Amino acid sequence: MKILDFGSLNLDYVFQVDSIVLPGQTILSNRMTLSTGGKGFNQAVAAARAGAAVFFAGALAEKDLPVFQKILDECGADWSLLDTGHEFTGSAMIQVDRGGQNCIVLYGGANQEITRDFICKVLSGFGNGDVLLLQNEISELPFLMKQASERGMRIFLNPSPVNRQLFECPIEAADTLLLNEIEGLQISGAKQLDEIPDLLLKKYPEVKIVLTLGKQGVVYADKNRRLSHGIYDVPIEDTTAAGDTFTGFYLAGILKNNDAALALRIASAASSLAVSRRGAAGSIPTMKEVEAFLRESEKTKS
């Protein structure tokens with residue numbers, strides 16, 4: 001079994017601010033940093049740091065490859081499937097306020113230049129039983145999902161952001177849907193958070209649902225059972241890559257142990273560590289750090 005993360009790469013321009021800027025307002029930033037990001041890249045890094053052997057496919061400008069390559073090499077992810085023949089790498093402008101909350105403006109760049117020919121070229125190396133991790137930050141996602149499904153790949157989908165392209169995708173072909181409460185409300189049409197799992201399962205009865213609920217933790221649901229896990233109490237520095245960290249660690253955990261409860265526990269701990277640090281990919285912990293964090297948490301409980 002091989003794991004392919006086919007997704008986005010961004011250069012993140014992160015501005016530390018007292019409060020998120022309002023329409024028509026001009027504010028000063030206390031600090032600005034440039035870092036690597038993109039949901040596809042972040043999730044590849046997270047899964048690799050969690051111990052999974054990950055192939056990462058995506059598109060970017062050749063001049064920006066070294067900064068991404070260095071991090072992928074360090075965590076052991078394979079980047080040989082990256083397409084560097086583009087003018088601009090995707091970019092994100094991120095504001096992070098004093099409380100650690102963020103808002104993000106994305107420019108797609110090469111992420112929105114994914115072609116069907118490139119997709120077919122990448123998928124030619126994968127087949128029945130292999131795993132595909134996807135997000136909704138690249139072009140041609142409906143075609144990509146359809147082709148992967150026809151090849152018998154097991155699809156884990158993080159449906160972010162929710163837009164028109166997402167609803168053109170064969171979501172029912174996914175093995176697992178990993179989403180937050182806002183995405184859950186948008187996709188399910190629910191009015192209340194506790195309605196989301198039932199409504200999603202009504203739409204997609206064969207899909208496993210992993211729904212993160214912020215301070216309320218996370219819920220797992222499939223047609224046979226429900227599980228939940230709470231959060232860990234940590235000081236919040238930056239929530240930018242928390243969801244991506246959770247997704248990558250959950251994927252690695254479920255593929256290694258086939259135990260949803262354990263995967264939820266590990267992923268919850270990993271995302272807690274991520275929010276206690278600044279940055280996107282740079283905030284994602286290693287499995288050793290997560291294991292140490294869990295051991296310390298158990299000591300504190302006892």
# chains A, B, ... in the order shown; residues from 1 in each chain; ligands from 1
>>> select_by_dssp(residues="stretch 44-86 of chain A", states="strand (DSSP E or B)", output="ChimeraX atom specification")
/A:54-61,78-86
>>> residues_around(residues="A:Val290", least_positions_apart="5", cutoff="7 Å", atoms="only C-alpha atoms", output="CSV table (one decimal) with N, CA, C and O atoms, in the first residue's frame")
chain,number,residue,atom,x,y,z
A,269,ALA,N,-3.9,15.0,20.2
A,269,ALA,CA,-2.7,15.5,20.9
A,269,ALA,C,-1.7,16.2,20.0
A,269,ALA,O,-1.2,17.3,20.3
A,270,ALA,N,-1.6,15.7,18.7
A,270,ALA,CA,-0.7,16.4,17.8
A,270,ALA,C,-1.2,17.8,17.4
A,270,ALA,O,-0.5,18.8,17.4
A,285,PRO,N,4.2,18.8,15.0
A,285,PRO,CA,5.2,18.0,15.8
A,285,PRO,C,5.6,16.7,15.2
A,285,PRO,O,5.0,16.3,14.2
>>> residues_around(residues="stretch 106-112 of chain A", least_positions_apart="2", cutoff="10 Å", atoms="only C-alpha atoms", output="MDAnalysis selection string")
chainID A and resid 7:12 38 40 58:61 83:94 104 114:115 136:140
>>> select_by_dssp(residues="stretch 77-292 of chain A", states="helix (DSSP H, G or I)", output="PyMOL selection string")
chain A and resi 109-113+116-123+141-150+166-168+171-173+181-188+193-203+214-216+242-257+260-275+281-283+287-292
>>> closest_atom_pairs(of="stretch 68-143 of chain A", to="stretch 247-261 of chain A", cutoff="12 Å", atoms="only C-alpha atoms", output="JSON lines")
{"residue": "A:Gly129", "atom": "CA", "partner": "A:Leu255", "partner_atom": "CA", "distance": 11.5}
{"residue": "A:Asp130", "atom": "CA", "partner": "A:Leu255", "partner_atom": "CA", "distance": 10.8}
{"residue": "A:Val131", "atom": "CA", "partner": "A:Leu255", "partner_atom": "CA", "distance": 9.1}
{"residue": "A:Leu132", "atom": "CA", "partner": "A:Leu251", "partner_atom": "CA", "distance": 10.2}
{"residue": "A:Leu133", "atom": "CA", "partner": "A:Leu251", "partner_atom": "CA", "distance": 8.4}
{"residue": "A:Leu134", "atom": "CA", "partner": "A:Thr247", "partner_atom": "CA", "distance": 10.4}
{"residue": "A:Gln135", "atom": "CA", "partner": "A:Thr247", "partner_atom": "CA", "distance": 10.4}
>>> residues_around(residues="A:Arg116", least_positions_apart="3", cutoff="9 Å", atoms="only C-alpha atoms", output="VMD selection string")
chain A and resid 119 to 121 140 143 to 144
>>> write_last_selection(atoms="C-alpha atoms", output="short mmCIF file (atom, residue, chain, number, x, y, z; two decimals), in the first residue's frame")
data_model
loop_
_atom_site.label_atom_id
_atom_site.label_comp_id
_atom_site.auth_asym_id
_atom_site.auth_seq_id
_atom_site.Cartn_x
_atom_site.Cartn_y
_atom_site.Cartn_z
CA ILE A 119 -3.21 13.88 -12.73
CA CYS A 120 -3.14 10.83 -15.00
CA LYS A 121 0.65 10.85 -15.01
CA GLU A 140 -9.54 19.39 -11.29
CA PHE A 143 -11.61 14.48 -12.12
CA LEU A 144 -8.89 13.45 -9.67
#
>>> closest_residue(among="A:Glu296, A:Glu237, A:Glu291, A:Glu62", to="A:Asn102", atoms="only C-alpha atoms")
A:Glu237
>>> residues_around(residues="A:Asn163", least_positions_apart="3", cutoff="10 Å", atoms="only C-alpha atoms", output="PyMOL selection string")
chain A and resi 136+159-160+166-168+186-187
>>> atom_distance(atom1="atom CA of A:Met1", atom2="atom CA of A:Ala263")
18.7 Å
>>> residues_around(residues="A:Glu195", least_positions_apart="6", cutoff="10 Å", atoms="only C-alpha atoms", output="NGL selection string")
:A and (184-185 or 188-189)
>>> residues_around(residues="A:Met145", least_positions_apart="5", cutoff="9 Å", atoms="only C-alpha atoms", output="list in words")
Leu132, Leu134, Glu140, Glu150, Ile155, Cys169, Pro170, Ile171, Ala173 and Ala174 of chain A
>>> atom_distance(atom1="atom CA of A:Lys215", atom2="atom CA of A:Ala241")
15.7 Å
>>> closest_residue(among="A:Lys146, A:His229, A:Arg151, A:Lys288", to="A:Leu213", atoms="only C-alpha atoms")
A:His229
